[in-house]
file entry25.txt (compact mmCIF, C-alpha atoms and all ligand atoms)
# COMPACT_ATOMS: atom_id res chain seq x y z
CA MET C 397 193.09 92.08 52.80
CA ALA C 398 193.00 95.86 52.21
CA LEU C 399 191.32 97.87 54.95
CA ASP C 400 188.54 99.07 52.65
CA LYS C 401 187.49 95.45 51.97
CA ALA C 402 188.11 93.93 55.40
CA HIS C 403 184.97 92.72 57.17
CA TRP C 404 183.83 90.34 59.90
CA ARG C 405 186.03 87.48 58.65
CA GLU C 406 189.15 89.61 59.24
CA LEU C 407 187.78 91.12 62.44
CA PHE C 408 187.05 87.65 63.79
CA SER C 409 190.58 86.37 63.22
CA GLU C 410 192.57 89.57 63.85
CA VAL C 411 190.68 90.94 66.86
CA VAL C 412 187.82 88.84 68.28
CA THR C 413 189.84 85.64 68.67
CA SER C 414 193.38 87.08 68.85
CA GLY C 415 193.24 88.52 72.36
CA LEU C 416 192.85 92.15 71.21
CA CYS C 417 189.06 92.34 71.56
CA THR C 418 188.00 94.40 74.56
CA GLY C 419 184.29 93.68 74.17
CA CYS C 420 183.50 97.36 73.56
CA ALA C 421 180.53 96.40 71.32
CA ALA C 422 181.27 99.06 68.68
CA CYS C 423 181.08 96.45 65.90
CA VAL C 424 177.73 95.21 67.21
CA VAL C 425 176.06 98.61 67.27
CA ALA C 426 177.55 99.60 63.89
CA CYS C 427 176.41 96.47 62.03
CA PRO C 428 173.60 97.58 59.66
CA HIS C 429 172.37 94.03 59.02
CA ASP C 430 171.87 92.98 62.64
CA VAL C 431 173.92 89.81 62.23
CA LEU C 432 176.18 90.57 65.21
CA ASP C 433 175.10 89.94 68.77
CA TYR C 434 176.85 90.42 72.10
CA GLU C 435 177.55 87.89 74.82
CA SER C 436 177.68 89.42 78.29
CA ALA C 437 176.71 86.41 80.41
CA ASN C 438 179.24 84.35 82.40
CA GLY C 439 182.02 86.88 82.17
CA VAL C 440 182.16 86.72 78.37
CA TYR C 441 182.10 90.18 76.81
CA ARG C 442 182.41 89.42 73.11
CA PRO C 443 180.62 90.02 69.85
CA TRP C 444 179.46 86.97 67.94
CA HIS C 445 178.02 86.41 64.50
CA LEU C 446 174.54 84.90 64.35
CA ASP C 447 174.40 81.49 62.79
CA ILE C 448 172.87 82.94 59.62
CA ASP C 449 174.42 84.78 56.71
CA GLY C 450 177.90 83.28 56.92
CA GLY C 451 178.11 81.45 60.25
CA ARG C 452 180.44 82.13 63.16
CA GLU C 453 183.56 83.15 61.25
CA GLY C 454 182.19 84.57 58.00
CA CYS C 455 179.62 87.09 56.83
CA THR C 456 177.74 87.03 53.52
CA HIS C 457 177.06 90.78 53.80
CA GLY C 458 180.80 91.29 54.24
CA ASP C 459 181.48 89.16 51.16
CA LYS C 460 179.17 91.51 49.26
CA GLY C 461 181.06 94.63 50.41
CA CYS C 462 179.81 95.62 53.88
CA THR C 463 182.75 96.71 56.05
CA MET C 464 180.97 98.52 58.90
CA CYS C 465 182.30 96.28 61.69
CA THR C 466 185.96 96.87 60.87
CA ARG C 467 185.28 100.60 60.39
CA ALA C 468 183.87 100.72 63.91
CA CYS C 469 186.44 98.60 65.74
CA PRO C 470 188.90 100.56 67.89
CA ARG C 471 191.35 97.65 67.98
CA PHE C 472 191.43 96.76 64.27
CA ARG C 473 194.85 97.21 62.65
CA ASN C 474 196.36 100.70 62.92
CA TRP C 475 193.53 102.25 64.97
CA GLU C 476 195.66 104.50 67.16
CA ALA C 477 197.76 106.03 64.37
CA GLU C 478 194.67 106.52 62.19
CA ILE C 479 192.73 108.39 64.88
CA ASP C 480 195.72 110.48 65.95
CA THR C 481 196.58 111.43 62.38
CA HIS C 482 192.95 112.40 61.74
CA ARG C 483 192.75 114.50 64.91
CA LEU C 484 196.26 115.87 65.38
CA GLY C 485 197.65 115.69 61.87
CA ARG C 486 200.37 113.39 63.18
CA GLU C 487 200.94 110.20 65.15
CA ARG C 488 201.39 110.25 68.90
CA HIS C 489 204.95 111.03 69.98
CA ASP C 490 206.54 108.29 72.10
CA GLU C 491 206.61 110.66 75.11
CA GLU C 492 202.84 111.16 74.94
CA VAL C 493 202.18 108.00 76.92
CA PHE C 494 198.75 109.13 78.14
CA GLY C 495 197.89 110.73 74.80
CA VAL C 496 197.64 114.45 74.15
CA GLY C 497 195.89 116.90 76.46
CA ASP C 498 196.10 119.32 79.39
CA VAL C 499 195.74 118.03 82.94
CA LEU C 500 193.72 119.84 85.59
CA LEU C 501 191.57 118.99 88.60
CA ALA C 502 187.86 119.72 88.68
CA ARG C 503 184.78 119.08 90.77
CA ALA C 504 181.07 119.78 90.72
CA THR C 505 180.01 122.83 92.71
CA ASP C 506 176.60 121.30 93.43
CA LEU C 507 177.11 119.25 96.61
CA GLU C 508 174.31 116.87 95.73
CA VAL C 509 176.08 116.02 92.48
CA ARG C 510 179.47 115.70 94.13
CA ASP C 511 178.25 113.54 97.00
CA GLY C 512 176.37 111.21 94.68
CA SER C 513 179.35 110.65 92.38
CA GLN C 514 182.58 108.72 92.38
CA ASP C 515 185.28 111.35 92.81
CA GLY C 516 184.60 115.05 92.20
CA GLY C 517 181.36 114.52 90.29
CA PHE C 518 182.87 116.24 87.26
CA VAL C 519 181.43 113.73 84.78
CA SER C 520 177.93 114.06 86.20
CA ALA C 521 178.14 117.87 86.30
CA LEU C 522 179.29 117.86 82.66
CA LEU C 523 176.50 115.55 81.50
CA ILE C 524 173.82 117.51 83.37
CA TYR C 525 175.08 120.78 81.87
CA ALA C 526 175.29 119.31 78.36
CA LEU C 527 171.76 117.88 78.57
CA GLU C 528 170.24 121.03 80.03
CA HIS C 529 172.02 123.44 77.64
CA ASP C 530 171.20 121.72 74.35
CA VAL C 531 174.74 120.39 73.79
CA ILE C 532 173.59 116.75 73.67
CA ASP C 533 170.23 114.95 73.54
CA ALA C 534 171.29 111.87 75.50
CA ALA C 535 174.28 110.15 77.08
CA LEU C 536 175.27 106.48 77.04
CA VAL C 537 176.21 105.63 80.62
CA SER C 538 176.27 102.65 82.96
CA GLY C 539 173.51 101.91 85.41
CA LEU C 540 172.90 99.01 87.71
CA GLU C 541 170.32 96.29 87.18
CA GLY C 542 167.13 96.55 89.26
CA ASP C 543 167.51 98.15 92.69
CA GLY C 544 171.29 97.98 92.41
CA THR C 545 171.86 95.24 94.98
CA SER C 546 173.04 92.75 92.32
CA TRP C 547 175.82 95.17 91.28
CA LEU C 548 175.27 94.02 87.71
CA ALA C 549 176.42 96.96 85.57
CA GLN C 550 174.35 97.58 82.49
CA PRO C 551 174.46 100.11 79.65
CA CYS C 552 171.69 102.69 79.78
CA VAL C 553 170.62 106.08 78.43
CA ALA C 554 170.61 109.28 80.50
CA ARG C 555 168.34 112.08 79.29
CA THR C 556 167.76 114.05 82.48
CA ARG C 557 169.59 115.15 85.62
CA GLU C 558 167.79 112.35 87.50
CA ASP C 559 169.03 109.74 84.99
CA VAL C 560 172.59 111.10 85.29
CA MET C 561 172.58 110.91 89.08
CA ALA C 562 170.99 107.44 89.08
CA SER C 563 173.94 106.19 87.01
CA ALA C 564 176.74 108.18 88.72
CA GLY C 565 179.64 106.43 90.48
CA SER C 566 181.94 103.63 89.28
CA ARG C 567 181.32 99.95 88.79
CA TYR C 568 184.44 97.88 88.28
CA THR C 569 182.80 95.19 86.20
CA TYR C 570 182.35 95.78 82.48
CA SER C 571 179.55 97.81 80.97
CA ALA C 572 179.60 98.18 77.18
CA ASN C 573 177.77 101.52 77.25
CA LEU C 574 177.68 101.66 73.44
CA LEU C 575 174.99 98.96 73.58
CA ALA C 576 172.56 101.66 74.75
CA TYR C 577 173.04 103.50 71.43
CA GLN C 578 169.97 102.05 69.70
CA ASN C 579 167.80 102.91 72.67
CA ALA C 580 169.04 106.53 72.55
CA VAL C 581 168.34 106.79 68.82
CA GLU C 582 164.87 105.27 69.20
CA GLY C 583 164.21 108.01 71.76
CA GLY C 584 165.02 110.61 69.08
CA ALA C 585 168.60 111.49 70.09
CA GLU C 586 170.85 112.86 67.33
CA ARG C 587 173.70 114.24 69.50
CA ILE C 588 174.84 111.52 71.84
CA ALA C 589 177.59 111.59 74.48
CA LEU C 590 179.43 108.38 75.21
CA VAL C 591 180.88 107.78 78.68
CA GLY C 592 183.37 104.94 78.73
CA MET C 593 186.82 103.60 79.42
CA GLY C 594 189.56 103.83 76.78
CA CYS C 595 188.39 100.74 74.93
CA MET C 596 185.06 102.41 74.21
CA ALA C 597 186.34 105.99 74.02
CA SER C 598 188.36 105.23 70.86
CA ALA C 599 185.25 103.98 69.04
CA PRO C 600 183.80 107.37 67.99
CA GLY C 601 187.25 108.46 66.74
CA VAL C 602 187.81 105.37 64.65
CA MET C 603 184.26 105.55 63.29
CA GLN C 604 184.87 109.16 62.25
CA VAL C 605 188.17 108.52 60.50
CA ARG C 606 186.89 105.36 58.79
CA LYS C 607 183.64 107.07 57.83
CA ALA C 608 181.19 104.78 59.56
CA GLY C 609 178.21 106.94 58.59
CA LYS C 610 175.41 108.12 60.86
CA ILE C 611 176.69 106.52 64.01
CA ALA C 612 180.00 108.38 63.65
CA ARG C 613 178.12 111.68 63.42
CA ARG C 614 175.74 110.98 66.27
CA LEU C 615 178.45 110.10 68.80
CA SER C 616 179.26 113.77 69.16
CA LEU C 617 180.98 113.89 72.57
CA THR C 618 183.18 111.37 74.34
CA VAL C 619 183.92 111.40 78.07
CA GLY C 620 186.66 108.93 78.96
CA LEU C 621 187.30 107.12 82.24
CA LEU C 622 190.88 106.27 83.19
CA CYS C 623 191.15 102.50 83.56
CA SER C 624 193.73 99.76 84.20
CA LYS C 625 191.28 96.87 84.20
CA THR C 626 187.80 95.66 84.94
CA PHE C 627 186.93 92.51 86.86
CA ASP C 628 184.78 89.46 86.28
CA ASP C 629 181.53 89.36 88.19
CA ALA C 630 182.89 86.32 90.08
CA ILE C 631 184.92 88.74 92.22
CA PHE C 632 181.81 89.41 94.31
CA GLU C 633 181.26 85.79 95.41
CA GLU C 634 184.77 84.39 95.23
CA LEU C 635 186.72 87.26 96.78
CA PHE C 636 184.50 89.80 98.56
CA GLN C 637 182.04 87.23 99.97
CA ALA C 638 184.23 84.13 100.34
CA ARG C 639 187.32 85.75 101.82
CA TYR C 640 185.97 88.90 103.45
CA GLY C 641 182.32 88.02 104.20
CA ILE C 642 181.06 91.05 102.24
CA ALA C 643 177.77 90.21 100.52
CA ARG C 644 177.23 92.09 97.25
CA ALA C 645 173.79 93.30 98.35
CA GLN C 646 175.47 95.04 101.31
CA ILE C 647 177.85 97.10 99.20
CA VAL C 648 176.95 100.77 98.72
CA LYS C 649 180.10 102.10 97.07
CA MET C 650 183.45 100.90 95.74
CA ASN C 651 186.57 102.75 94.75
CA ILE C 652 190.12 101.82 93.82
CA LYS C 653 192.90 103.97 95.25
CA GLY C 654 195.86 101.60 95.08
CA ILE C 655 193.65 99.30 97.13
CA PHE C 656 190.05 98.11 96.73
CA GLN C 657 187.86 100.26 99.00
CA ILE C 658 184.36 99.02 99.84
CA TRP C 659 181.67 100.79 101.87
CA THR C 660 178.78 98.70 103.19
CA ARG C 661 175.24 99.50 104.35
CA ASP C 662 176.11 98.95 108.01
CA GLY C 663 178.48 101.94 107.78
CA ALA C 664 181.64 99.79 107.69
CA PHE C 665 184.61 100.48 105.42
CA HIS C 666 186.71 97.59 104.03
CA GLU C 667 190.07 97.56 102.25
CA ILE C 668 191.14 94.66 100.05
CA PRO C 669 194.64 94.48 98.55
CA LEU C 670 194.53 94.87 94.78
CA LYS C 671 196.86 91.91 94.30
CA GLU C 672 194.08 89.62 95.57
CA ALA C 673 191.79 91.00 92.88
CA HIS C 674 194.18 90.46 89.97
CA ALA C 675 193.06 86.84 89.43
CA PHE C 676 189.60 88.21 88.53
CA THR C 677 190.85 90.53 85.76
CA ARG C 678 188.49 90.40 82.80
CA GLU C 679 190.09 88.68 79.81
CA GLY C 680 189.37 91.61 77.45
CA CYS C 681 191.59 93.89 79.55
CA LEU C 682 194.74 91.77 79.48
CA HIS C 683 196.21 93.37 76.34
CA CYS C 684 194.65 96.80 76.59
CA PRO C 685 197.24 99.58 76.05
CA ASP C 686 195.09 102.61 76.88
CA PHE C 687 194.97 103.67 80.53
CA ALA C 688 193.96 107.28 79.94
CA ALA C 689 191.15 107.03 77.36
CA GLU C 690 193.43 108.83 74.91
CA HIS C 691 190.79 109.49 72.25
CA ALA C 692 188.08 111.00 74.44
CA ASP C 693 187.26 114.70 74.23
CA ILE C 694 187.79 114.81 77.99
CA SER C 695 189.23 112.00 80.12
CA THR C 696 188.63 111.69 83.85
CA GLY C 697 190.13 109.76 86.74
CA GLY C 698 190.34 109.43 90.47
CA ILE C 699 194.09 109.22 91.02
CA GLY C 700 195.74 111.78 93.21
CA ALA C 701 195.90 113.28 96.64
CA PHE C 702 192.50 115.01 96.57
CA GLY C 703 189.69 112.49 97.05
CA ASP C 704 186.82 114.79 96.15
CA TRP C 705 188.31 116.14 92.93
CA THR C 706 188.32 114.50 89.52
CA LEU C 707 191.56 114.47 87.55
CA VAL C 708 190.67 115.80 84.11
CA ILE C 709 192.55 115.65 80.79
CA VAL C 710 191.13 118.03 78.21
CA ARG C 711 192.03 116.71 74.79
CA THR C 712 190.05 118.41 72.03
CA GLU C 713 188.79 121.89 71.14
CA GLN C 714 185.28 120.66 71.78
CA GLY C 715 186.30 119.44 75.23
CA ARG C 716 188.05 122.74 75.99
CA ASP C 717 185.05 124.74 74.86
CA LEU C 718 182.64 122.70 76.99
CA LEU C 719 184.90 122.97 80.02
CA GLY C 720 184.96 126.76 79.60
CA HIS C 721 181.15 126.83 79.56
CA LEU C 722 180.96 124.66 82.68
CA VAL C 723 183.28 127.05 84.52
CA ALA C 724 181.43 130.14 83.27
CA ALA C 725 178.10 128.67 84.37
CA GLY C 726 179.52 127.89 87.82
CA ALA C 727 178.76 124.17 87.40
CA ILE C 728 182.35 123.18 88.26
CA GLU C 729 185.40 124.61 89.96
CA THR C 730 188.91 123.83 88.79
CA ARG C 731 192.48 123.97 89.98
CA PRO C 732 195.75 123.36 88.11
CA GLY C 733 197.08 119.84 87.63
CA ASP C 734 200.36 121.15 89.08
CA ASP C 735 198.64 121.25 92.49
CA ASP C 736 199.04 117.47 92.53
CA PRO C 737 202.36 116.51 90.89
CA GLY C 738 202.07 113.00 92.36
CA ALA C 739 198.88 112.39 90.38
CA VAL C 740 200.51 113.48 87.14
CA ALA C 741 203.50 111.20 87.81
CA LEU C 742 201.16 108.30 88.53
CA LEU C 743 199.24 109.04 85.34
CA HIS C 744 202.48 108.64 83.35
CA LYS C 745 203.40 105.47 85.22
CA LEU C 746 200.04 103.72 84.84
CA ALA C 747 199.80 104.73 81.17
CA ARG C 748 203.24 103.21 80.59
CA VAL C 749 202.25 99.95 82.33
CA SER C 750 199.15 99.61 80.14
CA ARG C 751 201.06 100.26 76.91
CA ALA C 752 203.49 97.45 77.72
CA ARG C 753 200.54 95.01 77.66
CA TRP C 754 199.87 95.52 73.94
CA PRO C 755 201.17 92.35 72.19
CA GLU C 756 204.48 92.59 70.33
CA GLY C 757 203.03 90.81 67.30
CA ALA C 758 200.33 93.45 66.75
CA VAL C 759 200.87 96.88 65.10
CA PRO C 760 203.69 98.53 67.08
CA GLY C 761 202.19 102.01 67.69
CA PRO C 762 200.31 101.48 70.97
CA ARG C 763 203.39 99.88 72.61
CA ARG C 764 205.70 102.76 71.77
CA LEU C 765 207.33 104.42 74.80
CA PRO C 766 210.22 106.87 75.15
CA LEU C 767 213.54 105.04 75.42
CA THR C 768 214.03 106.21 79.01
CA LEU C 769 210.73 104.62 80.01
CA HIS C 770 211.33 101.12 78.63
CA GLY C 771 211.72 98.26 81.07
C1 LIG C 801 185.94 100.27 85.40
C2 LIG C 801 186.56 101.55 85.82
C3 LIG C 801 187.90 101.60 86.15
C4 LIG C 801 188.49 102.80 86.53
N1 LIG C 801 189.81 102.80 86.86
C5 LIG C 801 190.40 103.96 87.21
C6 LIG C 801 191.79 103.99 87.53
O1 LIG C 801 192.47 102.96 87.50
N2 LIG C 801 192.35 105.18 87.87
C7 LIG C 801 191.61 106.32 87.87
O2 LIG C 801 192.17 107.39 88.18
N3 LIG C 801 190.30 106.34 87.57
C8 LIG C 801 189.68 105.18 87.24
N4 LIG C 801 188.36 105.18 86.92
C9 LIG C 801 187.62 106.46 86.84
C10 LIG C 801 186.99 106.87 88.16
O3 LIG C 801 186.48 105.77 88.87
C11 LIG C 801 185.83 107.87 87.92
O4 LIG C 801 184.91 107.35 87.01
C12 LIG C 801 186.32 109.19 87.36
O5 LIG C 801 187.30 109.75 88.22
C13 LIG C 801 185.18 110.21 87.23
O6 LIG C 801 184.72 110.55 88.51
P1 LIG C 801 183.46 111.49 88.66
O7 LIG C 801 183.12 111.64 90.11
O8 LIG C 801 183.73 112.73 87.87
O9 LIG C 801 182.38 110.58 87.91
P2 LIG C 801 180.81 110.43 88.14
O10 LIG C 801 180.19 111.77 88.12
O11 LIG C 801 180.56 109.52 89.29
O12 LIG C 801 180.41 109.67 86.77
C14 LIG C 801 180.94 108.41 86.44
C15 LIG C 801 180.39 107.94 85.12
O13 LIG C 801 180.97 106.67 84.82
C16 LIG C 801 179.97 105.77 84.37
N5 LIG C 801 180.38 104.40 84.72
C17 LIG C 801 180.43 103.86 85.96
N6 LIG C 801 180.87 102.60 85.92
C18 LIG C 801 181.09 102.31 84.62
C19 LIG C 801 181.54 101.16 83.95
N7 LIG C 801 181.86 100.02 84.58
N8 LIG C 801 181.65 101.20 82.61
C20 LIG C 801 181.33 102.33 81.94
N9 LIG C 801 180.89 103.47 82.52
C21 LIG C 801 180.78 103.46 83.86
C22 LIG C 801 178.72 106.22 85.11
O14 LIG C 801 177.54 105.78 84.47
C23 LIG C 801 178.89 107.74 85.12
O15 LIG C 801 178.34 108.30 83.94
C24 LIG C 801 187.72 103.98 86.59
C25 LIG C 801 186.35 103.95 86.26
C26 LIG C 801 185.77 102.74 85.90
C27 LIG C 801 184.29 102.70 85.56
S1 LIG C 802 187.18 95.39 70.17
FE1 LIG C 802 185.04 96.11 70.15
S2 LIG C 802 184.59 96.58 67.98
FE2 LIG C 802 186.48 95.34 68.05
S3 LIG C 802 185.78 93.22 67.73
FE3 LIG C 802 185.88 93.57 69.95
S4 LIG C 802 183.80 94.25 70.54
FE4 LIG C 802 183.97 94.46 68.30
S1 LIG C 803 191.60 97.95 80.83
FE1 LIG C 803 189.80 99.31 80.91
S2 LIG C 803 190.01 100.44 79.00
FE2 LIG C 803 191.24 98.64 78.77
S3 LIG C 803 189.91 97.02 77.89
FE3 LIG C 803 189.78 96.84 80.09
S4 LIG C 803 187.95 98.04 80.61
FE4 LIG C 803 188.62 98.71 78.61
call {"tool": "encode", "arguments": {"input": "entry25.txt", "output": "structure tokens"}}
result
Amino acid sequence: MALDKAHWRELFSEVVTSGLCTGCAACVVACPHDVLDYESANGVYRPWHLDIDGGREGCTHGDKGCTMCTRACPRFRNWEAEIDTHRLGRERHDEEVFGVGDVLLARATDLEVRDGSQDGGFVSALLIYALEHDVIDAALVSGLEGDGTSWLAQPCVARTREDVMASAGSRYTYSANLLAYQNAVEGGAERIALVGMGCMASAPGVMQVRKAGKIARRLSLTVGLLCSKTFDDAIFEELFQARYGIARAQIVKMNIKGIFQIWTRDGAFHEIPLKEAHAFTREGCLHCPDFAAEHADISTGGIGAFGDWTLVIVRTEQGRDLLGHLVAAGAIETRPGDDDPGAVALLHKLARVSRARWPEGAVPGPRRLPLTLHG
């Protein structure tokens, strides 16, 4: 069926049940008839159609012409080529394995921000600046349920510096931050930043090119997080607790630097080989081709030799402009990406590994690599 007619029926067969669905929730928040819901319990991160108006596989609103879910989905058909052509006037070249953008290193100058964040605190510094300087009204981020001891990541809205710092740091289970969109809008936000991994970071771009209306306009800034995978919640009990005796309530921070690093309340530091964690990979990540959040305005990661710096890829004019303001205001300090050639090499390598996961039967674009990099 032509793209301009395709709706939930096509999304269900071509994405939701084909292995391509990442669980980003873009279709759920874009649906104007509220017939899509989202399953996040028991490790399932999937949209589903309420048992009204067309049942599980169909949609009566879609039959009458509504196509919002396929307009919003960053894995439907030729998503990558469409976004790139809209933004760059061309498709990605094969060599551009991590997308298009300039690499640098950055960190927050405010020590409180840096110490409370995952790597260099760049994302938090950016959000605080954007909120306090009338660039955005709210940001969709990931918090933790309750007092944080359950380590259950949940989408939430940041409107103040305090909200940003309460949600700083990385959780390695999934958080479909887009689900906080309605909450942000109900609070009056019109310019909304989205923080998310590549699967979510392509949603605003695809919504813009496929003209998904108000939601496409409101998602006005996208901050991407580099990402190879997220894990099922079972990793806490079945790996950390069962094999290493680390109770989830004891964990204060986690990071992945080629190895799972875990800090606990008693001041201890634990290292767990990543290969032991692979069995807990979330299903929605298995075919994901986008390590570097290629369609964000600015992408950020923790790879590299400098632990308290964030690796930053500036991708759009808007991202470049905002970065310039952050530097001018003294909110961040930067250094060239060339200071850490190993990080840039690893960025290429991990981006290549992710692209090879995209299924051969799907549109070929996201799998494309330079000939020298195949195999
Ligand atoms: C699941 C996941 C996997 C990652 N994998 C890699 C990787 O393989 N290589 C790499 O270089 N970098 C990876 N990162 C990025 C890295 O961990 C840092 O987020 C990034 O370097 C920014 O650091 P910062 O100090 O500037 O961020 P901070 O200032 O600490 O801000 C981090 C932001 O991320 C949001 N966030 C935290 N957890 C989640 C989540 N689960 N889902 C959505 N949003 C979240 C927070 O709410 C906050 O807004 C990953 C991040 C996540 C969340
Ligand atoms: S990838 Fe995202 S938008 Fe597409 S079907 Fe899955 S949850 Fe919906
Ligand atoms: S690997 Fe990361 S970016 Fe890809 S689907 Fe999983 S969480 Fe999203």
call {"tool": "closest_residue", "arguments": {"input": "entry25.txt", "among": "C:Trp659, C:Trp754, C:Trp475, C:Tyr640", "to": "ligand LIG 803 (chain C)", "atoms": "only C-alpha atoms and all ligand atoms"}}
result
C:Trp754
call {"tool": "closest_residue", "arguments": {"input": "entry25.txt", "among": "C:Asn438, C:Asn474, C:Cys423, C:Gly458", "to": "Lys401 of chain C", "atoms": "only C-alpha atoms"}}
result
C:Gly458
call {"tool": "residues_near_ligand", "arguments": {"input": "entry25.txt", "ligand": "ligand LIG 803 (chain C)", "cutoff": "6 Å", "atoms": "all atoms listed in the file", "output": "PyMOL selection string"}}
result
chain C and resi 418+593-595+623-626+680-681+684+686
call {"tool": "atom_distance", "arguments": {"input": "entry25.txt", "atom1": "atom CA of Arg555 of chain C", "atom2": "atom CA of Phe627 of chain C"}}
result
28.0 Å
call {"tool": "atom_distance", "arguments": {"input": "entry25.txt", "atom1": "atom CA of Thr569 of chain C", "atom2": "atom CA of Arg587 of chain C"}}
result
26.9 Å
call {"tool": "closest_atom_pairs", "arguments": {"input": "entry25.txt", "of": "chain C", "to": "ligand LIG 802 (chain C)", "cutoff": "7 Å", "atoms": "all atoms listed in the file", "output": "CSV"}}
result
residue,atom,partner,partner_atom,distance
C:Leu407,CA,C:LIG802,S3,6.0
C:Phe408,CA,C:LIG802,S3,6.9
C:Val411,CA,C:LIG802,S3,5.5
C:Val412,CA,C:LIG802,S3,4.9
C:Leu416,CA,C:LIG802,S1,6.6
C:Cys417,CA,C:LIG802,FE3,3.8
C:Thr418,CA,C:LIG802,S1,4.6
C:Gly419,CA,C:LIG802,S4,3.7
C:Cys420,CA,C:LIG802,FE1,3.9
C:Ala421,CA,C:LIG802,S4,4.0
C:Ala422,CA,C:LIG802,S2,4.2
C:Cys423,CA,C:LIG802,S2,4.1
C:Val424,CA,C:LIG802,FE4,6.4
C:Arg442,CA,C:LIG802,S4,5.6
C:Pro443,CA,C:LIG802,S4,5.3
C:Cys465,CA,C:LIG802,S2,6.7
C:Ala468,CA,C:LIG802,S2,5.9
C:Cys469,CA,C:LIG802,S2,3.5
C:Pro470,CA,C:LIG802,FE2,5.8
C:Arg471,CA,C:LIG802,S1,5.2
C:Phe472,CA,C:LIG802,FE2,6.4
call {"tool": "write_last_selection", "arguments": {"input": "entry25.txt", "atoms": "C-alpha atoms", "output": "PDB file, keeping the file's coordinate frame"}}
result
ATOM      1  CA  LEU C 407     187.780  91.120  62.440  1.00  0.00           C
ATOM      2  CA  PHE C 408     187.050  87.650  63.790  1.00  0.00           C
ATOM      3  CA  VAL C 411     190.680  90.940  66.860  1.00  0.00           C
ATOM      4  CA  VAL C 412     187.820  88.840  68.280  1.00  0.00           C
ATOM      5  CA  LEU C 416     192.850  92.150  71.210  1.00  0.00           C
ATOM      6  CA  CYS C 417     189.060  92.340  71.560  1.00  0.00           C
ATOM      7  CA  THR C 418     188.000  94.400  74.560  1.00  0.00           C
ATOM      8  CA  GLY C 419     184.290  93.680  74.170  1.00  0.00           C
ATOM      9  CA  CYS C 420     183.500  97.360  73.560  1.00  0.00           C
ATOM     10  CA  ALA C 421     180.530  96.400  71.320  1.00  0.00           C
ATOM     11  CA  ALA C 422     181.270  99.060  68.680  1.00  0.00           C
ATOM     12  CA  CYS C 423     181.080  96.450  65.900  1.00  0.00           C
ATOM     13  CA  VAL C 424     177.730  95.210  67.210  1.00  0.00           C
ATOM     14  CA  ARG C 442     182.410  89.420  73.110  1.00  0.00           C
ATOM     15  CA  PRO C 443     180.620  90.020  69.850  1.00  0.00           C
ATOM     16  CA  CYS C 465     182.300  96.280  61.690  1.00  0.00           C
ATOM     17  CA  ALA C 468     183.870 100.720  63.910  1.00  0.00           C
ATOM     18  CA  CYS C 469     186.440  98.600  65.740  1.00  0.00           C
ATOM     19  CA  PRO C 470     188.900 100.560  67.890  1.00  0.00           C
ATOM     20  CA  ARG C 471     191.350  97.650  67.980  1.00  0.00           C
ATOM     21  CA  PHE C 472     191.430  96.760  64.270  1.00  0.00           C
TER      22      PHE C 472
END
call {"tool": "residues_around", "arguments": {"input": "entry25.txt", "residues": "Asp459 of chain C", "least_positions_apart": "5", "cutoff": "9 Å", "atoms": "all atoms listed in the file", "output": "number ranges by chain"}}
result
C: 401, 403, 405, 450, 454
call {"tool": "residues_near_point", "arguments": {"input": "entry25.txt", "point": "(182.9, 105.7, 66.4)", "cutoff": "8 Å", "atoms": "all atoms listed in the file", "output": "PyMOL selection string"}}
result
chain C and resi 422+468-469+598-604+608+611-612+615
call {"tool": "write_last_selection", "arguments": {"input": "entry25.txt", "atoms": "C-alpha atoms", "output": "CSV table (one decimal), keeping the file's coordinate frame"}}
result
chain,number,residue,atom,x,y,z
C,422,ALA,CA,181.3,99.1,68.7
C,468,ALA,CA,183.9,100.7,63.9
C,469,CYS,CA,186.4,98.6,65.7
C,598,SER,CA,188.4,105.2,70.9
C,599,ALA,CA,185.2,104.0,69.0
C,600,PRO,CA,183.8,107.4,68.0
C,601,GLY,CA,187.2,108.5,66.7
C,602,VAL,CA,187.8,105.4,64.6
C,603,MET,CA,184.3,105.6,63.3
C,604,GLN,CA,184.9,109.2,62.2
C,608,ALA,CA,181.2,104.8,59.6
C,611,ILE,CA,176.7,106.5,64.0
C,612,ALA,CA,180.0,108.4,63.6
C,615,LEU,CA,178.4,110.1,68.8
call {"tool": "residues_around", "arguments": {"input": "entry25.txt", "residues": "Lys649 of chain C", "least_positions_apart": "4", "cutoff": "12 Å", "atoms": "all atoms listed in the file", "output": "list in words"}}
result
Asp511, Gly512, Ser513, Gln514, Asp515, Gly544, Thr545, Trp547, Ala564, Gly565, Ser566, Arg567, Tyr568, Arg644, Ala645, Phe656, Gln657, Ile658, Trp659, Thr660, Arg661, Gly663, Ala664, Phe665 and His666 of chain C
call {"tool": "residues_near_ligand", "arguments": {"input": "entry25.txt", "ligand": "ligand LIG 801 (chain C)", "cutoff": "8 Å", "atoms": "only C-alpha atoms and all ligand atoms", "output": "PyMOL selection string"}}
result
chain C and resi 503+509-510+512-521+523+536-539+549+551+560-561+563-573+591-593+621-627+651-653+687+696-700+704-707+743
call {"tool": "atom_distance", "arguments": {"input": "entry25.txt", "atom1": "atom CA of His683 of chain C", "atom2": "atom CA of Ser409 of chain C"}}
result
15.9 Å
call {"tool": "residues_around", "arguments": {"input": "entry25.txt", "residues": "Gly720 of chain C", "least_positions_apart": "3", "cutoff": "12 Å", "atoms": "all atoms listed in the file", "output": "PyMOL selection string"}}
result
chain C and resi 502+522+525+710+713-717+723-730
call {"tool": "closest_residue", "arguments": {"input": "entry25.txt", "among": "C:Gly439, C:His457, C:Pro737, C:Lys610", "to": "Thr677 of chain C", "atoms": "all atoms listed in the file"}}
result
C:Gly439
